[in-house]
>>> print(open('target32.tsv').read())   # TSV, C-alpha atoms and all ligand atoms
chain	number	residue	atom	x	y	z
A	73	MET	CA	-17.51	12.37	16.91
A	74	SER	CA	-18.35	16.03	16.94
A	75	ILE	CA	-16.41	19.07	15.89
A	76	LYS	CA	-17.32	22.40	17.38
A	77	PRO	CA	-15.92	25.75	16.25
A	78	LEU	CA	-13.41	27.24	18.62
A	79	LEU	CA	-15.06	29.98	20.61
A	80	ALA	CA	-13.47	33.39	20.34
A	81	GLY	CA	-10.49	33.55	22.67
A	82	GLU	CA	-11.10	30.11	24.13
A	83	ARG	CA	-7.84	28.22	24.64
A	84	ARG	CA	-6.35	30.16	21.81
A	85	GLY	CA	-3.46	31.33	23.91
A	86	ARG	CA	-2.43	27.72	24.52
A	87	LEU	CA	-2.32	26.54	20.95
A	88	ASP	CA	1.12	25.18	20.23
A	89	ILE	CA	0.57	25.06	16.54
A	90	ASN	CA	2.74	26.17	13.69
A	91	ILE	CA	0.10	26.51	11.00
A	92	GLU	CA	2.55	27.47	8.31
A	93	ALA	CA	4.68	24.36	8.86
A	94	LEU	CA	1.65	22.10	9.03
A	95	CYS	CA	0.30	23.57	5.81
A	96	ARG	CA	3.59	22.97	4.11
A	97	GLN	CA	3.41	19.31	5.09
A	98	ALA	CA	-0.27	19.01	4.32
A	99	SER	CA	0.09	20.62	0.91
A	100	ARG	CA	1.55	17.32	-0.18
A	101	TRP	CA	-1.90	15.83	0.20
A	102	PHE	CA	-4.27	18.75	-0.14
A	103	ARG	CA	-4.63	21.76	-2.39
A	104	ILE	CA	-5.14	24.21	0.43
A	105	GLN	CA	-6.89	27.42	-0.57
A	106	ARG	CA	-7.17	29.01	2.85
A	107	ILE	CA	-7.11	28.12	6.51
A	108	VAL	CA	-10.51	28.07	8.18
A	109	GLY	CA	-9.34	27.67	11.75
A	110	VAL	CA	-8.41	25.47	14.64
A	111	TYR	CA	-11.23	23.64	16.38
A	112	PRO	CA	-11.47	21.52	19.49
A	113	VAL	CA	-12.31	17.87	18.95
A	114	LEU	CA	-12.85	15.15	21.47
A	115	ASP	CA	-12.11	11.75	20.11
A	116	GLN	CA	-9.74	8.99	21.16
A	117	GLY	CA	-6.82	11.14	22.19
A	118	ILE	CA	-7.38	13.82	19.58
A	119	ASP	CA	-8.18	17.21	21.00
A	120	GLN	CA	-7.80	19.76	18.21
A	121	CYS	CA	-8.03	19.90	14.48
A	122	LEU	CA	-6.86	22.29	11.82
A	123	VAL	CA	-9.49	22.93	9.16
A	124	ALA	CA	-8.75	24.33	5.72
A	125	TRP	CA	-10.69	25.14	2.61
A	126	VAL	CA	-9.66	22.43	0.12
A	127	ASP	CA	-11.12	21.85	-3.32
A	128	GLY	CA	-14.18	23.90	-2.59
A	129	ARG	CA	-15.02	22.55	0.84
A	130	GLU	CA	-13.84	22.44	4.40
A	131	ARG	CA	-11.60	19.61	5.40
A	132	VAL	CA	-9.68	18.64	8.48
A	133	ILE	CA	-6.07	18.67	7.31
A	134	ALA	CA	-4.34	17.98	10.63
A	135	VAL	CA	-5.21	16.93	14.16
A	136	ARG	CA	-3.43	17.08	17.47
A	137	GLN	CA	-3.10	13.76	19.20
A	138	GLU	CA	-1.58	13.89	22.65
A	139	THR	CA	0.86	16.75	22.03
A	140	GLU	CA	1.72	15.93	18.46
A	141	TRP	CA	0.19	17.42	15.35
A	142	LEU	CA	-0.44	14.84	12.65
A	143	ILE	CA	-1.47	15.50	9.11
A	144	ASN	CA	-4.82	14.23	8.00
A	145	VAL	CA	-5.77	12.01	10.89
A	146	PRO	CA	-9.24	10.51	11.00
A	147	VAL	CA	-12.09	12.72	11.90
A	148	VAL	CA	-14.78	10.25	11.13
A	149	VAL	CA	-15.36	7.28	13.30
A	150	GLN	CA	-18.28	5.11	12.48
A	151	GLU	CA	-20.84	5.27	15.22
A	152	ASP	CA	-20.79	1.54	15.61
A	153	SER	CA	-16.99	1.39	15.70
A	154	PRO	CA	-15.85	2.16	19.21
A	155	LEU	CA	-12.27	1.44	20.21
A	156	HIS	CA	-11.25	-1.91	18.91
A	157	SER	CA	-10.43	-4.56	21.45
A	158	ILE	CA	-7.15	-6.46	21.46
A	159	GLU	CA	-9.07	-9.49	20.18
A	160	GLU	CA	-10.41	-7.49	17.26
A	161	LEU	CA	-6.97	-6.21	16.45
A	162	GLY	CA	-5.69	-9.77	16.55
A	163	GLN	CA	-8.43	-10.77	14.16
A	164	ALA	CA	-7.59	-7.86	11.85
A	165	GLN	CA	-3.96	-8.96	11.92
A	166	ARG	CA	-4.92	-12.50	10.95
A	167	GLU	CA	-7.09	-11.25	8.13
A	168	LEU	CA	-4.29	-9.04	6.93
A	169	THR	CA	-1.99	-12.02	6.83
A	170	GLN	CA	-4.59	-14.13	5.08
A	171	ALA	CA	-5.07	-11.36	2.56
A	172	GLY	CA	-1.49	-11.85	1.53
A	173	TYR	CA	0.22	-9.14	3.52
A	174	GLY	CA	3.34	-9.78	5.54
A	175	ASN	CA	2.42	-10.43	9.13
A	176	THR	CA	5.17	-8.35	10.62
A	177	LEU	CA	2.97	-5.27	10.79
A	178	GLN	CA	2.48	-4.96	14.50
A	179	LEU	CA	-0.82	-3.98	15.93
A	180	GLN	CA	-0.57	-1.28	18.52
A	181	SER	CA	-2.76	0.19	21.15
A	182	VAL	CA	-5.51	2.16	19.50
A	183	VAL	CA	-5.13	5.06	21.82
A	184	SER	CA	-1.40	5.44	21.80
A	185	GLY	CA	-0.61	4.32	18.29
A	186	LYS	CA	-3.37	5.62	16.13
A	187	GLN	CA	-2.52	7.77	13.17
A	188	GLY	CA	-3.32	7.88	9.48
A	189	ILE	CA	-6.65	8.08	7.99
A	190	VAL	CA	-9.27	6.76	5.92
A	191	GLY	CA	-12.65	7.94	4.94
A	192	ILE	CA	-15.81	6.41	3.82
A	193	VAL	CA	-17.27	8.80	1.31
A	194	ARG	CA	-20.90	9.68	1.13
A	195	ALA	CA	-21.88	7.05	-1.36
A	196	GLY	CA	-20.42	4.33	0.80
A	197	GLY	CA	-17.29	3.66	-1.22
A	198	ILE	CA	-13.63	4.25	-0.60
A	199	VAL	CA	-11.57	7.05	-2.09
A	200	THR	CA	-8.36	6.16	-3.82
A	201	ARG	CA	-6.02	7.49	-6.45
A	202	ASN	CA	-6.08	5.86	-9.86
A	203	TRP	CA	-3.62	6.02	-12.68
A	204	PRO	CA	-2.75	8.73	-13.71
A	205	GLY	CA	-3.34	10.15	-10.29
A	206	ASN	CA	-6.93	11.33	-10.18
A	207	LEU	CA	-8.97	10.80	-7.10
A	208	VAL	CA	-11.72	8.32	-7.67
A	209	GLU	CA	-14.27	6.70	-5.51
A	210	LEU	CA	-14.21	2.96	-5.54
A	211	PRO	CA	-17.80	1.97	-5.04
A	212	ALA	CA	-18.35	-1.01	-2.85
A	213	PRO	CA	-18.49	-4.09	-5.11
A	214	ASP	CA	-21.72	-6.09	-5.21
A	215	GLY	CA	-22.32	-7.88	-1.98
A	216	CYS	CA	-19.81	-5.74	-0.08
A	217	GLN	CA	-19.91	-2.81	2.22
A	218	ALA	CA	-17.24	-0.19	2.75
A	219	GLU	CA	-15.52	-0.34	6.07
A	220	VAL	CA	-12.61	1.31	7.82
A	221	ARG	CA	-10.40	-0.68	10.14
A	222	TRP	CA	-7.47	0.02	12.34
A	223	LEU	CA	-4.53	-2.02	11.14
A	224	GLY	CA	-1.60	-1.48	13.37
A	225	ARG	CA	-0.18	1.80	12.26
A	226	ALA	CA	-3.04	3.06	10.21
A	227	TRP	CA	-6.69	3.17	9.51
A	228	VAL	CA	-7.27	1.43	6.24
A	229	GLY	CA	-10.37	1.48	4.09
A	230	GLY	CA	-11.63	-1.67	2.56
A	231	PHE	CA	-14.61	-3.74	1.66
A	232	THR	CA	-16.28	-6.43	3.68
A	233	GLU	CA	-18.04	-9.19	1.80
A	234	THR	CA	-21.47	-9.29	3.33
A	235	TYR	CA	-21.88	-13.03	2.86
A	236	SER	CA	-18.53	-14.18	4.23
A	237	GLY	CA	-17.45	-11.30	6.43
A	238	ASN	CA	-14.01	-11.33	4.74
A	239	TRP	CA	-12.44	-7.92	4.66
A	240	TRP	CA	-10.32	-6.65	1.76
A	241	PRO	CA	-8.25	-3.53	2.27
A	242	ALA	CA	-8.55	-1.00	-0.53
A	243	VAL	CA	-5.24	0.02	-2.06
A	244	PRO	CA	-4.21	2.30	-4.92
A	245	SER	CA	-4.79	0.76	-8.33
A	246	TYR	CA	-1.41	1.75	-9.71
A	247	VAL	CA	1.95	2.45	-8.08
A	248	GLU	CA	5.48	3.02	-9.32
A	249	GLY	CA	7.24	3.34	-6.00
A	250	ASN	CA	8.09	7.03	-5.92
A	251	GLU	CA	4.76	8.04	-4.38
A	252	PRO	CA	4.79	9.69	-0.96
A	253	LEU	CA	3.20	6.62	0.55
A	254	PHE	CA	6.40	4.65	-0.20
A	255	GLU	CA	8.58	7.18	1.60
A	256	GLY	CA	11.54	5.44	3.24
A	257	SER	CA	10.98	2.14	1.39
A	258	LEU	CA	13.14	0.19	-0.98
A	259	ALA	CA	10.98	-2.63	-2.32
A	260	ILE	CA	12.87	-5.37	-4.16
A	261	THR	CA	10.75	-7.21	-6.69
A	262	VAL	CA	11.68	-10.32	-8.66
A	263	ASP	CA	9.88	-11.26	-11.86
A	264	ASP	CA	9.17	-14.43	-13.86
A	265	CYS	CA	10.76	-16.81	-11.31
A	266	ASN	CA	11.47	-19.62	-13.74
A	267	ASP	CA	14.54	-20.99	-11.94
A	268	PRO	CA	14.15	-22.49	-8.44
A	269	ASP	CA	17.91	-22.42	-7.74
A	270	ILE	CA	18.15	-18.72	-8.52
A	271	MET	CA	15.00	-18.15	-6.46
A	272	ARG	CA	16.73	-19.78	-3.51
A	273	GLY	CA	19.70	-17.49	-4.11
A	274	PHE	CA	17.38	-14.49	-3.81
A	275	LEU	CA	15.85	-15.92	-0.63
A	276	ALA	CA	19.29	-16.32	0.89
A	277	ILE	CA	20.20	-12.72	0.07
A	278	ALA	CA	16.89	-11.54	1.49
A	279	ASP	CA	17.69	-13.37	4.74
A	280	ARG	CA	21.11	-11.78	4.96
A	281	LEU	CA	19.68	-8.30	4.30
A	282	GLY	CA	16.69	-8.80	6.58
A	283	ALA	CA	14.51	-7.97	3.57
A	284	ARG	CA	11.15	-9.26	2.46
A	285	LEU	CA	10.80	-9.48	-1.31
A	286	THR	CA	7.87	-9.30	-3.69
A	287	PHE	CA	7.82	-11.96	-6.41
A	288	PHE	CA	5.85	-11.79	-9.65
A	289	PRO	CA	6.11	-15.32	-11.09
A	290	ASN	CA	4.40	-16.65	-14.17
A	291	SER	CA	1.77	-19.11	-13.01
A	292	LEU	CA	3.50	-22.03	-14.68
A	293	TYR	CA	6.43	-21.80	-12.29
A	294	VAL	CA	4.23	-21.68	-9.22
A	295	LYS	CA	2.67	-24.94	-10.40
A	296	MET	CA	6.05	-26.47	-11.27
A	297	TYR	CA	7.86	-25.63	-8.01
A	298	PRO	CA	5.26	-25.51	-5.24
A	299	GLU	CA	7.87	-26.37	-2.59
A	300	VAL	CA	9.84	-23.20	-3.41
A	301	TRP	CA	6.66	-21.14	-3.12
A	302	ALA	CA	5.70	-22.72	0.17
A	303	GLU	CA	9.10	-21.55	1.37
A	304	VAL	CA	8.68	-18.04	-0.11
A	305	LEU	CA	5.26	-17.56	1.46
A	306	GLY	CA	6.23	-19.21	4.71
A	307	ARG	CA	8.99	-16.65	5.11
A	308	GLN	CA	6.53	-13.78	4.64
A	309	HIS	CA	7.66	-12.72	1.21
A	310	GLU	CA	4.88	-11.61	-1.09
A	311	ILE	CA	3.58	-13.05	-4.34
A	312	GLY	CA	1.84	-11.18	-7.13
A	313	TYR	CA	0.34	-12.02	-10.50
A	314	HIS	CA	2.36	-11.74	-13.73
A	315	THR	CA	0.14	-13.83	-16.09
A	316	SER	CA	0.60	-17.46	-17.02
A	317	SER	CA	2.09	-16.91	-20.43
A	318	HIS	CA	3.93	-13.60	-20.27
A	319	SER	CA	1.84	-12.49	-23.23
A	320	ARG	CA	2.31	-9.13	-24.89
A	321	GLY	CA	-0.60	-6.98	-23.94
A	322	ASP	CA	-3.27	-8.70	-26.00
A	323	TRP	CA	-5.28	-9.50	-22.90
A	324	SER	CA	-9.00	-9.00	-22.47
A	325	GLU	CA	-10.61	-8.54	-19.08
A	326	GLU	CA	-12.23	-11.97	-19.45
A	327	TRP	CA	-8.92	-13.65	-20.20
A	328	LEU	CA	-7.25	-11.91	-17.26
A	329	GLU	CA	-10.04	-12.94	-14.94
A	330	GLN	CA	-9.69	-16.59	-15.87
A	331	ASP	CA	-5.90	-16.53	-15.90
A	332	PHE	CA	-5.78	-14.76	-12.53
A	333	SER	CA	-8.11	-17.25	-10.89
A	334	GLU	CA	-5.89	-20.12	-12.07
A	335	PHE	CA	-2.91	-18.29	-10.60
A	336	GLU	CA	-4.66	-17.79	-7.27
A	337	GLU	CA	-5.52	-21.47	-7.22
A	338	ALA	CA	-1.85	-22.37	-7.69
A	339	VAL	CA	-0.93	-19.97	-4.88
A	340	HIS	CA	-3.54	-21.52	-2.61
A	341	LYS	CA	-2.07	-24.95	-3.24
A	342	ALA	CA	1.50	-23.81	-2.65
A	343	ALA	CA	0.57	-21.90	0.47
A	344	GLY	CA	-1.79	-24.57	1.76
A	345	ASP	CA	-4.20	-21.74	2.42
A	346	GLU	CA	-7.44	-21.24	0.52
A	347	GLN	CA	-7.99	-17.84	2.06
A	348	ARG	CA	-4.88	-16.26	0.73
A	349	HIS	CA	-5.75	-13.40	-1.65
A	350	VAL	CA	-3.36	-12.05	-4.24
A	351	ARG	CA	-3.46	-8.25	-4.15
A	352	LEU	CA	-0.60	-7.18	-6.41
A	353	VAL	CA	-0.24	-7.56	-10.15
A	354	ARG	CA	2.43	-6.65	-12.66
A	355	PRO	CA	1.82	-6.74	-16.40
A	356	PRO	CA	4.49	-8.47	-18.50
A	357	PHE	CA	6.80	-5.86	-20.06
A	358	GLY	CA	5.03	-3.28	-17.89
A	359	LEU	CA	2.23	-2.94	-20.45
A	360	PHE	CA	-0.40	-1.72	-18.00
A	361	ASP	CA	-2.01	0.45	-20.67
A	362	HIS	CA	-2.58	-2.44	-23.08
A	363	GLY	CA	-5.78	-4.39	-23.60
A	364	GLY	CA	-8.09	-4.57	-20.63
A	365	TRP	CA	-5.33	-4.62	-18.01
A	366	GLN	CA	-5.92	-1.51	-15.95
A	367	SER	CA	-9.72	-1.54	-16.13
A	368	TRP	CA	-9.66	-5.16	-14.96
A	369	VAL	CA	-7.25	-4.22	-12.16
A	370	GLU	CA	-9.51	-1.41	-10.98
A	371	SER	CA	-12.63	-3.54	-11.16
A	372	LYS	CA	-10.94	-6.15	-8.95
A	373	GLY	CA	-9.51	-3.71	-6.42
A	374	LEU	CA	-5.98	-4.93	-7.24
A	375	THR	CA	-2.80	-2.87	-7.51
A	376	THR	CA	-0.59	-2.68	-10.58
A	377	VAL	CA	3.00	-2.52	-9.34
A	378	MET	CA	5.48	-0.90	-11.72
A	379	TRP	CA	9.11	-0.12	-10.90
A	380	ASP	CA	11.60	2.72	-10.85
A	381	ARG	CA	14.89	1.00	-11.64
A	382	SER	CA	15.71	-2.31	-13.28
A	383	VAL	CA	18.77	-4.48	-12.59
A	384	GLY	CA	20.85	-4.97	-15.75
A	385	ARG	CA	19.36	-1.86	-17.27
A	386	ASP	CA	19.47	1.27	-15.17
A	387	ALA	CA	20.16	0.07	-11.64
A	388	TRP	CA	23.65	0.72	-10.35
A	389	PRO	CA	24.59	1.81	-6.87
A	390	TYR	CA	24.96	5.45	-7.92
A	391	THR	CA	21.64	5.58	-9.81
A	392	ILE	CA	19.86	3.86	-6.92
A	393	SER	CA	21.41	6.14	-4.29
A	394	GLY	CA	20.65	9.21	-6.37
A	395	TYR	CA	17.09	8.14	-6.95
A	396	LEU	CA	16.50	7.37	-3.28
A	397	GLU	CA	17.92	10.71	-2.22
A	398	ARG	CA	15.72	12.52	-4.72
A	399	GLU	CA	12.48	10.56	-4.40
A	400	GLY	CA	12.73	9.01	-0.95
A	401	SER	CA	11.74	5.53	-2.12
A	402	LEU	CA	12.20	3.06	-4.91
A	403	ILE	CA	10.81	-0.14	-6.37
A	404	LEU	CA	13.63	-2.20	-7.82
A	405	LEU	CA	13.00	-4.80	-10.51
A	406	ALA	CA	15.11	-7.92	-10.95
A	407	HIS	CA	14.63	-11.14	-12.89
A	408	THR	CA	15.58	-14.69	-12.04
A	409	HIS	CA	18.60	-14.48	-14.30
A	410	MET	CA	22.00	-15.55	-13.06
A	411	GLN	CA	23.45	-12.13	-13.89
A	412	ASP	CA	20.79	-10.39	-11.76
A	413	LEU	CA	21.52	-12.66	-8.81
A	414	ASP	CA	25.23	-11.93	-9.35
A	415	TRP	CA	24.41	-8.23	-9.22
A	416	PHE	CA	22.80	-8.64	-5.82
A	417	GLU	CA	25.68	-10.72	-4.53
A	418	SER	CA	28.35	-8.32	-5.73
A	419	ASN	CA	26.42	-5.29	-4.39
A	420	GLU	CA	25.50	-6.85	-1.09
A	421	SER	CA	27.42	-4.42	1.11
A	422	PHE	CA	25.83	-1.49	-0.72
A	423	LEU	CA	22.39	-3.00	-0.16
A	424	HIS	CA	23.24	-3.73	3.44
A	425	ASP	CA	24.04	-0.10	3.95
A	426	LEU	CA	20.69	0.87	2.40
A	427	ALA	CA	18.92	-1.62	4.65
A	428	GLY	CA	20.07	0.49	7.58
A	429	ARG	CA	18.38	3.57	6.17
A	430	TYR	CA	15.38	2.25	4.26
A	431	THR	CA	12.71	-0.33	4.91
A	432	LEU	CA	13.26	-3.35	2.68
A	433	GLY	CA	9.77	-4.79	2.95
A	434	THR	CA	7.21	-6.14	0.56
A	435	VAL	CA	5.21	-3.76	-1.62
A	436	SER	CA	2.07	-4.35	0.44
A	437	GLU	CA	3.85	-3.47	3.65
A	438	SER	CA	4.72	-0.11	2.14
A	439	LEU	CA	1.21	0.36	0.81
A	440	LEU	CA	-0.39	-0.24	4.15
A	441	ARG	CA	2.12	1.51	6.26
A	442	GLU	CA	0.89	5.04	5.84
A	443	GLY	CA	-2.79	4.42	6.01
A	444	ILE	CA	-3.41	4.86	2.36
A	445	PRO	CA	-5.36	4.96	0.21
A	446	VAL	CA	-7.86	7.45	1.37
A	447	ARG	CA	-5.23	9.38	3.11
A	448	TRP	CA	-4.93	11.21	-0.17
A	449	GLU	CA	-8.35	12.66	0.13
A	450	GLY	CA	-8.79	13.65	3.72
A	451	LEU	CA	-12.21	13.91	5.13
A	452	PRO	CA	-14.81	16.57	4.64
A	453	VAL	CA	-15.66	18.18	7.94
A	454	GLY	CA	-19.37	17.76	7.47
A	455	LEU	CA	-19.11	14.04	7.10
A	456	ALA	CA	-19.01	13.12	10.75
A	457	PRO	CA	-22.15	11.32	11.82
A	501	ZN	ZN	8.19	-10.69	-16.74
>>> encode(input="target32.tsv", output="structure tokens")
Amino acid sequence: MSIKPLLAGERRGRLDINIEALCRQASRWFRIQRIVGVYPVLDQGIDQCLVAWVDGRERVIAVRQETEWLINVPVVVQEDSPLHSIEELGQAQRELTQAGYGNTLQLQSVVSGKQGIVGIVRAGGIVTRNWPGNLVELPAPDGCQAEVRWLGRAWVGGFTETYSGNWWPAVPSYVEGNEPLFEGSLAITVDDCNDPDIMRGFLAIADRLGARLTFFPNSLYVKMYPEVWAEVLGRQHEIGYHTSSHSRGDWSEEWLEQDFSEFEEAVHKAAGDEQRHVRLVRPPFGLFDHGGWQSWVESKGLTTVMWDRSVGRDAWPYTISGYLEREGSLILLAHTHMQDLDWFESNESFLHDLAGRYTLGTVSESLLREGIPVRWEGLPVGLAP
């Protein structure tokens, strides 16, 4: 794709662009120092882009697709990645499902539905945001190459294993739920999962709310109740890692690696699917800053999922409503305790009301929805091949 400067006077009279409003939106993602200009672009339905000076270099901060201006849409298309065919999109959808994401993300026409962005940075890695929020480049792991794919509503960066061709989307290494990428989402998460009857209670509530939940069980309970987990996964809920023993932060990277692989094995058995990858992790007691937790998470390309409100602690309808109004999104934590299930049952009409206004999907659905992670970074203008 090529970007040429707008010639003096050319088409300028026809620009339907409100630069000030776009900059206000874009300032969420970019530290804009000054506007460089509006330039014509010809690429897959995009015809103009707004370029700004950001962090010491020029970046495209918005593009016009059809008649709509979108913040931070892709300006780099790999030369060998023409429009994806329906078959390729179908394949991407299957891989997404295999990778542990809910399969309700619908793939759309590339031309009409494309938005969001991802960039492959110069060194061939993917840009993401780590804890505590700095932009970092995730280098491609050994035996992998960085790749950007269209996944329904977004371009998503990830890594393809060169020997197997399996593709892993890159996601942020740490989330709490109040990040812009969760906007409009209420993700319900359930930890420990030691009681299959209470689990079934949560599944029933999820059905009634039309919600998909994210479970963080201790490995032991996945092994003990595989039939419950087959049901959980079959219904497109998500499963994440929470350690086998619920230990208190004394974990080394080596221990986590071994413990995680045993967990994945239990998930494979329950799901009847060897290809299913676990992408989300939650440290017991939320101790992400203990031992080797977060460095292990980042080295694996996993995501630590924290929470904003906890049932039985600081989650009541008024605190949840207030938080959602203020932050726009929320990750709710519950445990498989009878009193937590009671809380959901007695607040069902409140939750039902929220389900009309927020997306009650799994954490991964929220993560992928906006085309993160590299959306944060935008793309340097000079990067186009
Ligand atoms: Zn726990």
>>> atom_distance(input="target32.tsv", atom1="atom CA of A:Leu275", atom2="atom CA of A:Val304")
7.5 Å
>>> closest_atom_pairs(input="target32.tsv", of="chain A", to="ligand ZN 501 (chain A)", cutoff="6 Å", atoms="all atoms listed in the file", output="JSON lines")
{"residue": "A:Asp263", "atom": "CA", "partner": "A:ZN501", "partner_atom": "ZN", "distance": 5.2}
{"residue": "A:Asp264", "atom": "CA", "partner": "A:ZN501", "partner_atom": "ZN", "distance": 4.8}
{"residue": "A:Pro356", "atom": "CA", "partner": "A:ZN501", "partner_atom": "ZN", "distance": 4.7}
>>> atom_distance(input="target32.tsv", atom1="atom CA of A:Gly273", atom2="atom CA of A:Tyr297")
14.9 Å
>>> residues_around(input="target32.tsv", residues="A:Leu374", least_positions_apart="3", cutoff="7 Å", atoms="all atoms listed in the file", output="PyMOL selection string")
chain A and resi 245+351-353+369-370
>>> atom_distance(input="target32.tsv", atom1="atom CA of A:Val435", atom2="atom CA of A:Leu258")
8.9 Å
>>> residues_around(input="target32.tsv", residues="A:Trp301", least_positions_apart="3", cutoff="10 Å", atoms="all atoms listed in the file", output="count of residues only")
22
>>> residues_around(input="target32.tsv", residues="A:Arg106", least_positions_apart="3", cutoff="8 Å", atoms="all atoms listed in the file", output="MDAnalysis selection string")
chainID A and resid 124:126
>>> closest_residue(input="target32.tsv", among="A:Phe416, A:Ile270, A:Asp386, A:Asn250", to="A:Arg398", atoms="all atoms listed in the file")
A:Asn250
>>> residues_around(input="target32.tsv", residues="A:Gly384", least_positions_apart="4", cutoff="10 Å", atoms="only C-alpha atoms", output="list in words")
Trp388, Leu405, Ala406, His407, His409, Gln411, Asp412 and Trp415 of chain A
>>> closest_residue(input="target32.tsv", among="A:Pro355, A:Gly249, A:Gly282, A:Gly256", to="A:Trp379", atoms="all atoms listed in the file")
A:Gly249
>>> closest_residue(input="target32.tsv", among="A:Ile91, A:Ala278, A:Leu423, A:Val108", to="A:Arg131", atoms="all atoms listed in the file")
A:Val108
>>> residues_around(input="target32.tsv", residues="A:Glu336", least_positions_apart="6", cutoff="9 Å", atoms="all atoms listed in the file", output="ChimeraX atom specification")
/A:291,313,346,348-350
>>> closest_residue(input="target32.tsv", among="A:Ser333, A:Thr375, A:Ser438, A:Thr431", to="A:Glu251", atoms="all atoms listed in the file")
A:Ser438
>>> closest_residue(input="target32.tsv", among="A:Phe332, A:Trp141, A:Trp327, A:Tyr430", to="A:Leu402", atoms="only C-alpha atoms")
A:Tyr430
>>> closest_residue(input="target32.tsv", among="A:Val300, A:Val135, A:Ala259, A:Leu396", to="A:Leu94", atoms="only C-alpha atoms")
A:Val135
